[in-house]
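Printed here is query.txt (compact mmCIF, C-alpha atoms):
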# COMPACT_ATOMS: atom_id res chain seq x y z
CA MET P 18 -20.37 7.59 -47.58
CA ILE P 19 -18.28 10.24 -49.37
CA ALA P 20 -19.69 13.61 -50.33
CA SER P 21 -17.82 16.63 -51.72
CA MET P 22 -19.01 19.83 -50.05
CA ARG P 23 -18.11 23.50 -49.84
CA CYS P 24 -18.52 25.32 -46.54
CA PRO P 25 -18.48 29.10 -45.93
CA LEU P 26 -16.88 29.91 -42.58
CA PRO P 27 -17.82 30.37 -39.80
CA ALA P 28 -20.31 27.66 -38.95
CA CYS P 29 -23.92 28.23 -39.70
CA SER P 30 -27.14 27.09 -38.06
CA PRO P 31 -27.54 24.18 -35.62
CA SER P 32 -25.98 20.92 -36.76
CA PRO P 33 -28.29 18.28 -38.26
CA SER P 34 -28.01 14.56 -37.78
CA ALA P 35 -25.41 12.57 -39.67
CA ASN P 36 -28.08 11.29 -42.04
CA SER P 37 -28.76 14.79 -43.32
CA PHE P 38 -25.14 15.88 -43.39
CA LYS P 39 -24.85 15.67 -47.18
CA SER P 40 -27.56 18.21 -47.80
CA THR P 41 -26.63 20.79 -45.21
CA PRO P 42 -24.72 23.86 -46.45
CA CYS P 43 -22.47 23.96 -43.40
CA ILE P 44 -21.81 21.89 -40.30
CA VAL P 45 -18.73 23.32 -38.72
CA ALA P 46 -16.15 25.99 -39.46
CA PHE P 47 -12.68 24.81 -40.29
CA GLY P 48 -9.62 25.75 -42.27
CA GLY P 49 -6.16 26.70 -41.05
CA ARG P 50 -6.09 25.19 -37.56
CA ASN P 51 -9.17 23.79 -35.90
CA LEU P 52 -9.73 24.85 -32.32
CA LYS P 53 -12.43 24.59 -29.70
CA LYS P 54 -15.76 26.34 -29.57
CA SER P 55 -16.78 26.65 -25.94
CA SER P 56 -15.29 23.47 -24.49
CA ARG P 57 -14.47 21.78 -27.79
CA LEU P 58 -14.25 24.01 -30.89
CA LYS P 59 -13.21 27.58 -31.57
CA VAL P 60 -12.69 28.93 -35.09
CA ASN P 61 -9.59 30.83 -36.15
CA ALA P 62 -10.76 34.34 -37.04
CA THR P 63 -8.71 34.59 -40.23
CA ALA P 64 -9.76 31.16 -41.44
CA ALA P 65 -13.37 32.08 -40.70
CA GLN P 66 -13.28 34.47 -43.64
CA GLN P 67 -12.22 31.79 -46.08
CA GLU P 68 -13.93 28.93 -47.87
CA GLU P 69 -12.54 25.44 -48.21
CA ASP P 70 -13.56 22.33 -50.08
CA PHE P 71 -14.01 19.25 -47.94
CA GLN P 72 -15.28 15.72 -48.08
CA VAL P 73 -17.48 13.76 -45.71
CA LEU P 74 -15.71 10.41 -45.53
CA ALA P 75 -18.11 8.73 -43.09
CA ALA P 76 -21.32 9.56 -41.27
CA ILE P 77 -22.85 7.00 -38.93
CA GLN P 78 -25.01 6.79 -35.82
CA THR P 79 -23.58 4.37 -33.26
CA ARG P 80 -24.93 3.35 -29.89
CA TYR P 81 -22.94 6.13 -28.25
CA ASN P 82 -22.23 8.75 -30.91
CA ASN P 83 -23.33 10.57 -34.00
CA VAL P 84 -20.03 10.23 -35.88
CA VAL P 85 -18.96 12.33 -38.86
CA ILE P 86 -15.46 12.21 -40.34
CA VAL P 87 -14.46 15.14 -42.54
CA ASP P 88 -11.42 15.55 -44.77
CA THR P 89 -9.94 18.90 -45.83
CA SER P 90 -6.76 19.82 -47.69
CA GLU P 91 -4.95 20.31 -44.37
CA SER P 92 -6.64 18.10 -41.77
CA ARG P 93 -8.93 15.19 -41.08
CA LEU P 94 -11.52 15.85 -38.38
CA LEU P 95 -13.65 13.66 -36.12
CA LEU P 96 -17.00 15.28 -35.26
CA LEU P 97 -19.16 13.69 -32.58
CA ASP P 98 -22.66 13.86 -31.07
CA SER P 99 -25.40 16.33 -31.97
CA THR P 100 -23.08 19.33 -31.57
CA HIS P 101 -20.71 18.06 -34.28
CA ASN P 102 -17.83 19.45 -32.26
CA VAL P 103 -14.28 18.40 -33.10
CA HIS P 104 -13.06 15.54 -30.88
CA SER P 105 -9.96 14.52 -32.84
CA MET P 106 -7.90 15.89 -35.70
CA LEU P 107 -5.03 14.64 -37.81
CA ASN P 108 -3.04 17.31 -39.62
CA LYS P 109 -1.45 16.22 -42.87
CA GLU P 110 1.80 18.18 -42.63
CA THR P 111 2.41 18.34 -38.88
CA LYS P 112 1.34 16.44 -35.78
CA TRP P 113 1.08 19.67 -33.77
CA THR P 114 -2.47 20.95 -33.30
CA ASP P 115 -1.98 24.28 -31.45
CA SER P 116 -4.56 23.05 -28.94
CA TYR P 117 -4.89 21.02 -25.76
CA TRP P 118 -3.86 17.75 -27.48
CA ASP P 119 -0.32 19.15 -27.64
CA GLU P 120 -0.38 19.74 -23.87
CA PHE P 121 -1.09 16.07 -23.19
CA SER P 122 2.21 15.09 -24.80
CA ALA P 123 4.05 17.07 -22.09
CA LEU P 124 2.97 14.58 -19.39
CA PRO P 125 5.61 11.77 -19.66
CA PRO P 126 8.56 13.75 -18.18
CA VAL P 127 6.67 14.53 -14.95
CA VAL P 128 5.33 11.06 -14.10
CA PRO P 129 7.11 7.89 -12.90
CA PRO P 130 8.34 5.37 -15.48
CA GLY P 131 5.43 3.24 -16.62
CA PRO P 132 2.41 3.07 -18.92
CA ILE P 133 0.15 6.06 -19.49
CA ALA P 134 -3.61 5.77 -20.10
CA ILE P 135 -5.79 7.96 -22.28
CA PHE P 136 -9.39 7.96 -21.08
CA GLY P 137 -11.34 9.13 -24.12
CA LEU P 138 -9.07 7.97 -26.96
CA GLY P 139 -11.30 9.14 -29.82
CA GLY P 140 -9.34 9.26 -33.06
CA GLY P 141 -6.01 9.09 -31.24
CA THR P 142 -4.74 12.66 -31.72
CA ALA P 143 -2.92 12.69 -28.36
CA ALA P 144 -1.53 9.19 -28.90
CA HIS P 145 -0.04 10.21 -32.27
CA LEU P 146 1.76 13.13 -30.66
CA MET P 147 2.97 11.19 -27.64
CA LEU P 148 4.43 8.26 -29.56
CA ASP P 149 6.09 10.67 -31.95
CA LEU P 150 7.85 12.43 -29.04
CA TRP P 151 8.25 9.41 -26.74
CA PRO P 152 8.54 6.33 -29.02
CA SER P 153 9.27 3.94 -26.14
CA LEU P 154 6.05 4.88 -24.34
CA GLN P 155 3.41 2.28 -23.52
CA ILE P 156 -0.03 3.86 -23.98
CA HIS P 157 -3.36 2.30 -23.02
CA GLY P 158 -6.18 4.02 -24.87
CA TRP P 159 -9.71 3.58 -23.54
CA GLU P 160 -12.79 4.27 -25.64
CA ILE P 161 -16.35 3.13 -25.02
CA ASP P 162 -17.45 3.17 -28.68
CA GLU P 163 -16.10 0.17 -30.61
CA ILE P 164 -17.38 1.42 -33.96
CA LEU P 165 -15.56 4.71 -33.42
CA ILE P 166 -12.33 2.76 -32.90
CA HIS P 167 -12.86 0.86 -36.17
CA LEU P 168 -13.38 4.16 -37.99
CA SER P 169 -10.33 5.68 -36.35
CA ARG P 170 -8.20 2.76 -37.50
CA GLU P 171 -9.40 3.33 -41.05
CA TYR P 172 -9.32 7.13 -41.23
CA PHE P 173 -6.97 8.38 -38.48
CA GLY P 174 -4.06 5.93 -38.63
CA LEU P 175 -4.87 4.37 -35.27
CA ALA P 176 -3.84 0.94 -36.53
CA ASP P 177 -0.30 2.21 -37.12
CA LEU P 178 -0.02 3.22 -33.47
CA GLU P 179 -0.94 -0.33 -32.42
CA LYS P 180 2.28 -1.60 -34.00
CA GLN P 181 5.40 -1.59 -31.84
CA THR P 182 7.93 1.14 -32.62
CA ARG P 183 11.65 0.45 -32.96
CA GLU P 184 12.02 1.71 -29.39
CA GLY P 185 9.34 -0.67 -28.13
CA GLY P 186 6.46 1.75 -27.60
CA MET P 187 2.93 1.20 -28.81
CA LEU P 188 -0.74 1.95 -28.25
CA THR P 189 -2.94 -0.77 -26.75
CA VAL P 190 -6.62 -0.09 -27.40
CA HIS P 191 -9.29 -1.08 -24.89
CA ILE P 192 -13.04 -0.93 -25.47
CA GLY P 193 -14.89 -0.19 -22.26
CA ASP P 194 -16.14 2.20 -19.61
CA VAL P 195 -13.27 4.09 -17.94
CA PHE P 196 -15.28 4.37 -14.72
CA SER P 197 -15.46 0.59 -14.35
CA PRO P 198 -12.90 -1.45 -12.37
CA ASP P 199 -11.83 -3.05 -15.66
CA ALA P 200 -10.12 0.18 -16.81
CA ALA P 201 -7.07 -0.53 -14.68
CA ILE P 202 -3.79 -2.44 -14.90
CA SER P 203 -1.67 -4.25 -12.33
CA GLY P 204 0.58 -1.76 -10.56
CA GLY P 205 -1.38 1.23 -11.83
CA TYR P 206 -0.80 3.81 -14.52
CA ALA P 207 2.05 6.30 -14.26
CA GLY P 208 -0.31 8.91 -15.67
CA ILE P 209 -3.88 9.16 -16.89
CA ILE P 210 -4.95 11.65 -19.56
CA VAL P 211 -8.65 12.44 -19.22
CA ASP P 212 -10.52 13.84 -22.24
CA LEU P 213 -14.14 12.80 -21.70
CA PHE P 214 -16.90 14.86 -23.29
CA ALA P 215 -20.48 14.42 -24.50
CA GLU P 216 -22.73 16.96 -26.18
CA GLY P 217 -19.99 19.57 -25.99
CA LYS P 218 -19.55 19.32 -22.22
CA VAL P 219 -17.24 17.47 -19.87
CA LEU P 220 -18.92 14.34 -18.51
CA PRO P 221 -20.90 15.21 -15.36
CA GLU P 222 -19.16 12.44 -13.40
CA LEU P 223 -15.95 14.48 -13.61
CA GLU P 224 -17.60 17.30 -11.67
CA GLU P 225 -17.84 15.07 -8.57
CA ALA P 226 -14.94 14.67 -6.11
CA ALA P 227 -15.93 11.05 -5.46
CA THR P 228 -15.27 10.20 -9.12
CA TRP P 229 -11.70 11.50 -8.91
CA LEU P 230 -11.02 9.59 -5.73
CA GLN P 231 -12.20 6.39 -7.43
CA LEU P 232 -10.15 7.08 -10.56
CA SER P 233 -7.05 7.80 -8.47
CA GLU P 234 -7.02 4.13 -7.44
CA LYS P 235 -5.96 3.38 -11.02
CA LEU P 236 -2.72 5.40 -10.60
CA MET P 237 0.58 4.08 -9.29
CA PRO P 238 2.22 5.96 -6.40
CA GLY P 239 3.40 9.32 -7.71
CA GLY P 240 1.12 9.08 -10.75
CA ARG P 241 -0.74 12.10 -12.10
CA PHE P 242 -3.86 13.07 -13.99
CA MET P 243 -3.72 15.56 -16.85
CA VAL P 244 -7.21 16.67 -17.76
CA ASN P 245 -9.00 18.66 -20.44
CA CYS P 246 -11.58 20.36 -18.22
CA GLY P 247 -13.40 22.29 -20.95
CA ALA P 248 -14.70 25.81 -20.64
CA GLY P 249 -15.40 27.92 -17.59
CA GLU P 250 -18.83 28.84 -16.30
CA GLY P 251 -19.22 32.30 -17.81
CA ASP P 252 -16.70 35.09 -18.20
CA ALA P 253 -17.08 36.77 -14.82
CA VAL P 254 -14.18 36.77 -12.39
CA SER P 255 -14.79 34.31 -9.57
CA ARG P 256 -15.70 35.56 -6.12
CA ASP P 257 -12.14 35.12 -4.87
CA ASN P 258 -10.46 36.26 -8.09
CA ASP P 259 -9.38 32.68 -8.77
CA PRO P 260 -10.34 31.95 -12.40
CA TRP P 261 -9.96 28.18 -11.96
CA LYS P 262 -13.03 28.22 -9.71
CA LEU P 263 -15.10 28.92 -12.80
CA ASN P 264 -14.52 25.31 -13.89
CA ALA P 265 -16.55 22.62 -12.13
CA ALA P 266 -14.16 19.76 -12.93
CA ILE P 267 -11.21 21.61 -11.38
CA ARG P 268 -13.27 22.46 -8.31
CA ALA P 269 -14.07 18.75 -7.89
CA MET P 270 -10.41 17.78 -8.23
CA CYS P 271 -9.40 20.38 -5.66
CA GLU P 272 -11.93 18.90 -3.26
CA ALA P 273 -10.56 15.41 -3.88
CA PHE P 274 -6.86 16.39 -3.82
CA PRO P 275 -6.43 19.53 -1.68
CA GLY P 276 -3.24 21.42 -2.51
CA GLN P 277 -2.41 18.89 -5.25
CA VAL P 278 -4.08 20.43 -8.31
CA ASN P 279 -2.43 22.72 -10.84
CA TRP P 280 -4.21 24.56 -13.63
CA LYS P 281 -3.76 26.65 -16.72
CA LYS P 282 -6.09 28.19 -19.28
CA MET P 283 -5.27 27.76 -22.93
CA PRO P 284 -4.77 31.02 -24.87
CA LYS P 285 -7.65 32.53 -26.78
CA GLY P 286 -6.19 31.39 -30.09
CA SER P 287 -5.89 27.81 -28.82
CA GLY P 288 -9.39 27.25 -27.51
CA GLU P 289 -9.44 28.74 -23.98
CA ASN P 290 -9.94 25.32 -22.41
CA TYR P 291 -9.04 24.86 -18.76
CA MET P 292 -6.38 22.20 -18.14
CA ALA P 293 -5.54 20.47 -14.85
CA LEU P 294 -2.51 18.52 -13.63
CA THR P 295 -2.58 16.73 -10.29
CA GLY P 296 0.31 16.33 -7.86
CA ILE P 297 2.92 18.79 -6.64
CA LEU P 298 3.70 21.41 -9.29
CA PRO P 299 6.79 20.16 -11.16
CA ASP P 300 9.96 22.19 -11.42
CA LEU P 301 8.99 24.26 -14.46
CA SER P 302 12.56 24.86 -15.64
CA ALA P 303 13.37 21.17 -15.62
CA TRP P 304 10.06 20.36 -17.27
CA CYS P 305 10.72 22.88 -20.05
CA ALA P 306 14.19 21.46 -20.60
CA ALA P 307 12.74 17.98 -21.14
CA LEU P 308 10.37 19.11 -23.90
CA PRO P 309 10.88 20.13 -27.54
CA TYR P 310 9.83 23.43 -29.06
CA PRO P 311 7.08 24.61 -29.32
CA LEU P 312 5.76 22.47 -26.47
CA ASN P 313 8.24 23.86 -23.94
CA SER P 314 6.96 27.40 -24.52
CA SER P 315 3.60 26.57 -22.90
CA ILE P 316 4.80 25.25 -19.52
CA ASN P 317 5.23 28.43 -17.47
CA PRO P 318 1.50 29.28 -17.11
CA TRP P 319 0.90 26.21 -14.91
CA THR P 320 -0.10 27.40 -11.42
CA THR P 321 -1.18 25.59 -8.26
CA CYS P 322 -4.78 26.17 -7.19
CA ASN P 323 -4.97 28.18 -3.97
Do you think you could lay out the structure here as structure tokens?
Amino acid sequence: MIASMRCPLPACSPSPSANSFKSTPCIVAFGGRNLKKSSRLKVNATAAQQEEDFQVLAAIQTRYNNVVIVDTSESRLLLLDSTHNVHSMLNKETKWTDSYWDEFSALPPVVPPGPIAIFGLGGGTAAHLMLDLWPSLQIHGWEIDEILIHLSREYFGLADLEKQTREGGMLTVHIGDVFSPDAAISGGYAGIIVDLFAEGKVLPELEEAATWLQLSEKLMPGGRFMVNCGAGEGDAVSRDNDPWKLNAAIRAMCEAFPGQVNWKKMPKGSGENYMALTGILPDLSAWCAALPYPLNSSINPWTTCN
């Protein structure tokens, strides 16, 4: 289904179902760069004063998702569930997103040699970035929604990532539940990127320490998690002046891996999501040196949870 639409920014009233998407005056604000609101989407203030033509390329209800794919002059966006929040984006002139997807591509230099998994592949935004920077990387992308994968192959170039690069890297797509024993490989993953959301919130399983202990069995020795933990619980300073305690997923990881969890909060202009990285905090200077600009400019804020 393709429908030309015009949307005044910012977003208006609550999002309808995909079936009524054509008739609604506005689903979501976008233009310029597309960032998170709460845990997923925040609108650039300057872009919010503009209008932009866009097309709805697909709108479908699957077993797991209400999927809408939107095309603008600058980006292609994957909107999911009843919130119609942005879960993937593909910029047409640059792979950089100025959001947490960029942070994921910083993981390879601080994990052992070996394959990296993405739990919550979506449209493959992180995979695009990672194979662009690390073309020999073996990525295993896990997604529970098979129809979403088919749409991502058609509209987000996922099929191109499934072809081996000249350096031997590629994306292998798996359909399945990341919490099941099947979401593992022999020898374990060198790193696991976790980006699992529903209805605008991180999956509740990720707010339990037991979940992280079970997932850690899928890592090889020395492997790490890098996690999009979403928003904090309110704006108040935590009781111990430790802002990371405002995020339930980070609290659960700290319970599971005491002294082995590092955190940062994305800047206001980049969504304000909390991010987590497990393991001993890497040498930040060496990490920066291993990364290209502008990615290396975002490393210093990483801090170990007290």
| request: Could you tell me how far atom CA of Thr182 of chain P lies from atom CA of Gln155 of chain P, in Å and to one decimal? | output: 10.2 Å
| query | Taking into account only C-alpha atoms, which residue in the set P:Ser92, P:Leu148, P:Pro126, P:Glu216 is nearest to Ala307 of chain P? | reply |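 Using only C-alpha atoms, the shortest distance to Ala307 of chain P belongs to P:Pro126.
For the pair atom CA of Ala227 of chain P and atom CA of Ile316 of chain P, the interatomic distance is 28.8 Å.
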| request: Using all atoms listed in the file, pick whichever of P:Leu97, P:Met243, P:Ile297, P:Leu124 has the shortest atom-to-atom distance to Lys218 of chain P. | output: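 Looking at the shortest contact to Lys218 of chain P, the residue is P:Leu97.
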| task | Mind checking which residues fall within 12 Å of Cys271 of chain P, counting all atoms listed in the file, ignoring those fewer than 5 positions away in the same chain, and posting them as a list of chain:residue names? | result | P:Leu223, P:Glu224, P:Glu225, P:Ala226, P:Ala227, P:Trp229, P:Leu230, P:Trp261, P:Lys262, P:Asn264, P:Ala265, P:Ala266, P:Gly276, P:Gln277, P:Val278, P:Asn279, P:Trp280, P:Ala293, P:Leu294, P:Thr295, P:Gly296, P:Thr321, P:Cys322, P:Asn323
Give me, as a compact mmCIF listing (two decimals) with C-alpha atoms, keeping the file's coordinate frame, all polymer residues having an atom no more than 8 Å from Gly193 of chain P, counting all atoms listed in the file and skipping those fewer than 3 positions away in the same chain.
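Output saved as part_27.txt:
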# COMPACT_ATOMS: atom_id res chain seq x y z
CA TRP P 159 -9.71 3.58 -23.54
CA GLU P 160 -12.79 4.27 -25.64
CA ILE P 161 -16.35 3.13 -25.02
CA ASP P 162 -17.45 3.17 -28.68
CA SER P 197 -15.46 0.59 -14.35
CA ASP P 199 -11.83 -3.05 -15.66
CA ALA P 200 -10.12 0.18 -16.81
| message | Need the shell around Trp304 of chain P: protein/DNA/RNA residues with any atom at most 12 Å away, counting only C-alpha atoms. Skip same-chain ones fewer than 5 positions apart. Format as a PyMOL selection string? | response | chain P and resi 123-128+298-299+309+312-317+319
| Nearby residues (only C-alpha atoms) at most 7 Å from Asp212 of chain P, same-chain spacing under 4 positions excluded, as a PyMOL selection string | chain P and resi 136-137+244-245
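Considering the residues P:Trp151, P:Tyr310, P:Phe121, P:Phe173 and counting all atoms listed in the file, Met106 of chain P has its shortest atom-to-atom contact with P:Phe173.
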| Interatomic distance, atom CA of Glu250 of chain P to atom CA of Met283 of chain P (Å, one decimal) |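 Calculated distance between atom CA of Glu250 of chain P and atom CA of Met283 of chain P is 15.1 Å.
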| query | Using all atoms listed in the file, which residue out of P:Ala248, P:Leu150, P:Ile135, P:Leu107 lies closest to Gly217 of chain P? | reply | P:Ala248
